[in-house]
Amino acid sequence: MADRNRTGIGNRTGLDWEDARFFAALARHGSLSATARALGVNHATVARRVAAMEQALGEKLFERRPDGYALTPAGTRALEAADAMEKAARRLLRAQEERPLGGLVRIAATPSLADLYLVPRLAALALRHPAIDVEIVSERRLASLARREADIALRLGAPKDAEVIARRLATLAFGFYGTADWRGRIAAGAAPVFVGFDEANAHLPEAAFLARHFPRARLAVRANTQSTQAIAARAGHGIALLPRFIAAGEDALVSVPLAPLPPTRDLFLLTNRLSADDGAVRAVRDFLAELFHADIMLFSGLDD
């Protein structure tokens, strides 16, 4: 009794779509070697595939001639059908590519970056991909990409986790900002009064820098986010050490000439390797990369 589970090419009776692809390629290139190079296989594979198609159809599709392979009448008819199959396959692929991307994508970012930069600009993403929903994870605690607490993270400092794909987005420059009144007072020789981080966030680089270089200065207002500090500085409570992109959005804040300034910090876009190929995640990642590239001067402060 015949073994119905055998799957070798020589035992198939149905038409294999992959055989049709090899057949069409041989019809166009005219030789086994040229077809093998075009498809990235060896010539024996091409011959085996074409032989399998001839067996499935029960007809000879090619005549072997000194100058290569020529289609028989049956081969000509088969090529018309194979062309139709390829065109249908391309239409299917285009339909897949054109299908609107959708789903939920979680983005983790610091509160100031999320509130003052990212959220106001996400409307452009909605216009481009209306079926993608976005969740903003806005907190200083680093959301875990490995535990899927976020799909994408905007994080200061180079990542140490090998399980993420990292791309540097921007370089953040810092400055001292306050009201015009505070700038005049500093220019007249007054001691600076600052707005800074609370005790729970005293470990952050900007807080540590302020404590190290201005150890005797008064902190009139303490807050856990730089967006709140910007509001306090705008209200005249003191001078805030802020990323320049925050101060750029505050008309009431001006640069206050204090030194030294902290070093710049690099901002990275991180994606979990497991979700990097998801269409919606990739679309949001590409959108963010474009967004930050367009605003590169806003973060570096080089246009001051």
# chains A, B, ... in the order shown; residues from 1 in each chain; ligands from 1
call {"tool": "residues_around", "arguments": {"residues": "A:Val105", "least_positions_apart": "3", "cutoff": "9 Å", "atoms": "only C-alpha atoms", "output": "PDB file with all heavy atoms, in the first residue's frame"}}
result
ATOM      1  N   ILE A 132      -3.973  53.516  15.440  1.00  0.00           N
ATOM      2  CA  ILE A 132      -3.016  53.223  16.508  1.00  0.00           C
ATOM      3  C   ILE A 132      -3.392  54.015  17.748  1.00  0.00           C
ATOM      4  O   ILE A 132      -3.567  55.235  17.696  1.00  0.00           O
ATOM      5  CB  ILE A 132      -1.577  53.562  16.076  1.00  0.00           C
ATOM      6  CG1 ILE A 132      -1.108  52.600  14.978  1.00  0.00           C
ATOM      7  CG2 ILE A 132      -0.614  53.480  17.265  1.00  0.00           C
ATOM      8  CD1 ILE A 132       0.309  52.858  14.495  1.00  0.00           C
ATOM      9  N   ASP A 133      -3.548  53.322  18.861  1.00  0.00           N
ATOM     10  CA  ASP A 133      -3.800  53.957  20.151  1.00  0.00           C
ATOM     11  C   ASP A 133      -2.490  54.041  20.918  1.00  0.00           C
ATOM     12  O   ASP A 133      -1.654  53.135  20.849  1.00  0.00           O
ATOM     13  CB  ASP A 133      -4.824  53.157  20.953  1.00  0.00           C
ATOM     14  CG  ASP A 133      -6.166  53.067  20.250  1.00  0.00           C
ATOM     15  OD1 ASP A 133      -6.548  54.058  19.597  1.00  0.00           O
ATOM     16  OD2 ASP A 133      -6.812  52.010  20.327  1.00  0.00           O
ATOM     17  N   VAL A 134      -2.315  55.126  21.664  1.00  0.00           N
ATOM     18  CA  VAL A 134      -1.069  55.352  22.392  1.00  0.00           C
ATOM     19  C   VAL A 134      -1.364  55.488  23.878  1.00  0.00           C
ATOM     20  O   VAL A 134      -2.303  56.182  24.277  1.00  0.00           O
ATOM     21  CB  VAL A 134      -0.351  56.619  21.883  1.00  0.00           C
ATOM     22  CG1 VAL A 134       0.874  56.925  22.743  1.00  0.00           C
ATOM     23  CG2 VAL A 134       0.074  56.443  20.431  1.00  0.00           C
ATOM     24  N   GLU A 135      -0.582  54.808  24.671  1.00  0.00           N
ATOM     25  CA  GLU A 135      -0.643  54.960  26.131  1.00  0.00           C
ATOM     26  C   GLU A 135       0.684  55.546  26.599  1.00  0.00           C
ATOM     27  O   GLU A 135       1.758  55.036  26.268  1.00  0.00           O
ATOM     28  CB  GLU A 135      -0.868  53.605  26.807  1.00  0.00           C
ATOM     29  CG  GLU A 135      -0.925  53.677  28.329  1.00  0.00           C
ATOM     30  CD  GLU A 135      -1.217  52.328  28.945  1.00  0.00           C
ATOM     31  OE1 GLU A 135      -2.114  51.625  28.436  1.00  0.00           O
ATOM     32  OE2 GLU A 135      -0.539  51.958  29.928  1.00  0.00           O
ATOM     33  N   ILE A 136       0.623  56.643  27.345  1.00  0.00           N
ATOM     34  CA  ILE A 136       1.827  57.300  27.845  1.00  0.00           C
ATOM     35  C   ILE A 136       2.075  56.848  29.282  1.00  0.00           C
ATOM     36  O   ILE A 136       1.234  57.043  30.159  1.00  0.00           O
ATOM     37  CB  ILE A 136       1.692  58.834  27.799  1.00  0.00           C
ATOM     38  CG1 ILE A 136       1.362  59.303  26.382  1.00  0.00           C
ATOM     39  CG2 ILE A 136       2.979  59.484  28.300  1.00  0.00           C
ATOM     40  CD1 ILE A 136       2.418  59.016  25.367  1.00  0.00           C
ATOM     41  N   ALA A 150       6.163  48.684  28.825  1.00  0.00           N
ATOM     42  CA  ALA A 150       6.117  49.650  27.730  1.00  0.00           C
ATOM     43  C   ALA A 150       6.696  48.978  26.493  1.00  0.00           C
ATOM     44  O   ALA A 150       7.486  48.038  26.593  1.00  0.00           O
ATOM     45  CB  ALA A 150       6.914  50.908  28.077  1.00  0.00           C
ATOM     46  N   ASP A 151       6.270  49.459  25.325  1.00  0.00           N
ATOM     47  CA  ASP A 151       6.818  48.962  24.064  1.00  0.00           C
ATOM     48  C   ASP A 151       8.005  49.795  23.621  1.00  0.00           C
ATOM     49  O   ASP A 151       8.937  49.292  22.996  1.00  0.00           O
ATOM     50  CB  ASP A 151       5.739  48.995  22.974  1.00  0.00           C
ATOM     51  CG  ASP A 151       4.543  48.134  23.336  1.00  0.00           C
ATOM     52  OD1 ASP A 151       4.717  46.915  23.479  1.00  0.00           O
ATOM     53  OD2 ASP A 151       3.439  48.699  23.480  1.00  0.00           O
ATOM     54  N   ILE A 152       7.945  51.087  23.954  1.00  0.00           N
ATOM     55  CA  ILE A 152       8.985  52.045  23.587  1.00  0.00           C
ATOM     56  C   ILE A 152       9.294  52.885  24.813  1.00  0.00           C
ATOM     57  O   ILE A 152       8.384  53.246  25.561  1.00  0.00           O
ATOM     58  CB  ILE A 152       8.515  52.956  22.432  1.00  0.00           C
ATOM     59  CG1 ILE A 152       8.299  52.139  21.147  1.00  0.00           C
ATOM     60  CG2 ILE A 152       9.503  54.091  22.176  1.00  0.00           C
ATOM     61  CD1 ILE A 152       7.634  52.932  20.034  1.00  0.00           C
ATOM     62  N   ALA A 280       2.740  48.290  14.318  1.00  0.00           N
ATOM     63  CA  ALA A 280       2.335  49.507  15.020  1.00  0.00           C
ATOM     64  C   ALA A 280       3.494  50.083  15.829  1.00  0.00           C
ATOM     65  O   ALA A 280       3.711  51.299  15.849  1.00  0.00           O
ATOM     66  CB  ALA A 280       1.144  49.207  15.928  1.00  0.00           C
ATOM     67  N   VAL A 281       4.246  49.220  16.500  1.00  0.00           N
ATOM     68  CA  VAL A 281       5.400  49.678  17.282  1.00  0.00           C
ATOM     69  C   VAL A 281       6.434  50.317  16.358  1.00  0.00           C
ATOM     70  O   VAL A 281       6.989  51.379  16.656  1.00  0.00           O
ATOM     71  CB  VAL A 281       6.026  48.509  18.072  1.00  0.00           C
ATOM     72  CG1 VAL A 281       7.340  48.943  18.734  1.00  0.00           C
ATOM     73  CG2 VAL A 281       5.054  47.995  19.123  1.00  0.00           C
ATOM     74  N   VAL A 284       5.257  53.805  15.271  1.00  0.00           N
ATOM     75  CA  VAL A 284       5.408  54.823  16.319  1.00  0.00           C
ATOM     76  C   VAL A 284       6.884  55.147  16.519  1.00  0.00           C
ATOM     77  O   VAL A 284       7.262  56.317  16.688  1.00  0.00           O
ATOM     78  CB  VAL A 284       4.767  54.341  17.633  1.00  0.00           C
ATOM     79  CG1 VAL A 284       5.044  55.333  18.760  1.00  0.00           C
ATOM     80  CG2 VAL A 284       3.264  54.155  17.449  1.00  0.00           C
TER      81      VAL A 284
END
call {"tool": "select_by_dssp", "arguments": {"residues": "stretch 60-129 of chain A", "states": "alpha helix (DSSP H)", "output": "number ranges by chain"}}
result
A: 73-98, 111-113, 119-121, 123-128
call {"tool": "residues_around", "arguments": {"residues": "A:Arg64", "least_positions_apart": "2", "cutoff": "12 Å", "atoms": "only C-alpha atoms", "output": "list in words"}}
result
Leu26, Ala27, Gly30, Ser31, Leu32, Ala47, Lys60, Leu61, Phe62, Pro66, Asp67, Gly68, Tyr69, Ala70, Leu71 and Thr72 of chain A
call {"tool": "residues_around", "arguments": {"residues": "A:Phe197", "least_positions_apart": "5", "cutoff": "12 Å", "atoms": "only C-alpha atoms", "output": "VMD selection string"}}
result
chain A and resid 202 to 211 219 to 230 232 240 to 242
call {"tool": "write_last_selection", "arguments": {"atoms": "N, CA, C and O atoms", "output": "compact mmCIF listing (two decimals), in the first residue's frame"}}
result
# COMPACT_ATOMS: atom_id res chain seq x y z
N ALA A 202 16.68 63.78 45.01
CA ALA A 202 17.96 64.45 45.17
C ALA A 202 19.10 63.71 44.49
O ALA A 202 20.18 64.27 44.28
N HIS A 203 18.88 62.44 44.14
CA HIS A 203 19.92 61.64 43.48
C HIS A 203 20.03 61.92 41.98
O HIS A 203 21.00 61.51 41.34
N LEU A 204 19.05 62.60 41.40
CA LEU A 204 19.06 62.84 39.96
C LEU A 204 20.24 63.75 39.59
O LEU A 204 20.65 64.60 40.38
N PRO A 205 20.79 63.57 38.39
CA PRO A 205 22.00 64.33 38.02
C PRO A 205 21.85 65.84 38.15
O PRO A 205 22.78 66.51 38.63
N GLU A 206 20.71 66.41 37.75
CA GLU A 206 20.55 67.86 37.84
C GLU A 206 20.49 68.32 39.30
O GLU A 206 21.05 69.37 39.65
N ALA A 207 19.83 67.54 40.15
CA ALA A 207 19.76 67.90 41.57
C ALA A 207 21.13 67.81 42.21
O ALA A 207 21.54 68.69 42.99
N ALA A 208 21.87 66.75 41.89
CA ALA A 208 23.22 66.59 42.45
C ALA A 208 24.15 67.69 41.96
O ALA A 208 24.99 68.19 42.72
N PHE A 209 24.02 68.09 40.71
CA PHE A 209 24.85 69.16 40.16
C PHE A 209 24.60 70.47 40.90
O PHE A 209 25.55 71.18 41.28
N LEU A 210 23.34 70.78 41.12
CA LEU A 210 22.99 72.02 41.81
C LEU A 210 23.54 72.01 43.23
O LEU A 210 24.09 73.02 43.70
N ALA A 211 23.41 70.89 43.92
CA ALA A 211 23.90 70.79 45.30
C ALA A 211 25.42 70.89 45.36
O ALA A 211 25.99 71.45 46.31
N LEU A 219 16.91 76.69 48.37
CA LEU A 219 15.91 76.09 47.48
C LEU A 219 14.54 76.57 47.97
O LEU A 219 13.98 76.04 48.93
N ALA A 220 14.00 77.56 47.30
CA ALA A 220 12.75 78.16 47.76
C ALA A 220 11.56 77.25 47.50
O ALA A 220 10.60 77.23 48.28
N VAL A 221 11.59 76.52 46.40
CA VAL A 221 10.50 75.60 46.05
C VAL A 221 11.13 74.29 45.59
O VAL A 221 12.07 74.29 44.80
N ARG A 222 10.60 73.19 46.12
CA ARG A 222 11.04 71.86 45.70
C ARG A 222 9.87 71.13 45.04
O ARG A 222 8.75 71.19 45.53
N ALA A 223 10.16 70.45 43.93
CA ALA A 223 9.11 69.73 43.21
C ALA A 223 9.72 68.47 42.60
O ALA A 223 10.93 68.39 42.38
N ASN A 224 8.87 67.50 42.30
CA ASN A 224 9.39 66.23 41.78
C ASN A 224 9.44 66.15 40.27
O ASN A 224 9.86 65.15 39.71
N THR A 225 9.00 67.20 39.55
CA THR A 225 9.10 67.20 38.10
C THR A 225 9.65 68.55 37.63
O THR A 225 9.42 69.59 38.26
N GLN A 226 10.32 68.52 36.51
CA GLN A 226 10.88 69.75 35.96
C GLN A 226 9.79 70.64 35.36
O GLN A 226 9.96 71.85 35.29
N SER A 227 8.68 70.04 34.95
CA SER A 227 7.58 70.88 34.45
C SER A 227 7.01 71.73 35.58
O SER A 227 6.69 72.91 35.38
N THR A 228 6.89 71.16 36.79
CA THR A 228 6.43 71.95 37.94
C THR A 228 7.46 73.00 38.31
O THR A 228 7.12 74.14 38.68
N GLN A 229 8.73 72.66 38.23
CA GLN A 229 9.79 73.63 38.52
C GLN A 229 9.73 74.80 37.56
O GLN A 229 9.95 75.96 37.95
N ALA A 230 9.44 74.52 36.29
CA ALA A 230 9.33 75.60 35.31
C ALA A 230 8.18 76.55 35.67
O ALA A 230 8.31 77.77 35.54
N ALA A 232 7.03 77.08 38.69
CA ALA A 232 7.44 77.84 39.88
C ALA A 232 8.41 78.96 39.50
O ALA A 232 8.32 80.09 40.03
N ALA A 240 15.43 78.10 37.98
CA ALA A 240 15.37 76.65 37.78
C ALA A 240 16.44 76.21 36.79
O ALA A 240 16.70 76.90 35.79
N LEU A 241 17.04 75.07 37.09
CA LEU A 241 17.96 74.43 36.16
C LEU A 241 17.14 73.48 35.30
O LEU A 241 16.64 72.46 35.79
N LEU A 242 16.99 73.81 34.02
CA LEU A 242 16.04 73.08 33.17
C LEU A 242 16.69 72.66 31.85
O LEU A 242 17.59 73.35 31.34
call {"tool": "atom_distance", "arguments": {"atom1": "atom CA of A:Phe194", "atom2": "atom CA of A:Ala170"}}
result
26.7 Å
call {"tool": "residues_around", "arguments": {"residues": "stretch 176-180 of chain A", "least_positions_apart": "3", "cutoff": "6 Å", "atoms": "only C-alpha atoms", "output": "list of chain:residue names"}}
result
A:Arg183, A:Ala233, A:Ile239, A:Ala240, A:Leu241, A:Leu253, A:Val254, A:Ser255, A:Val256
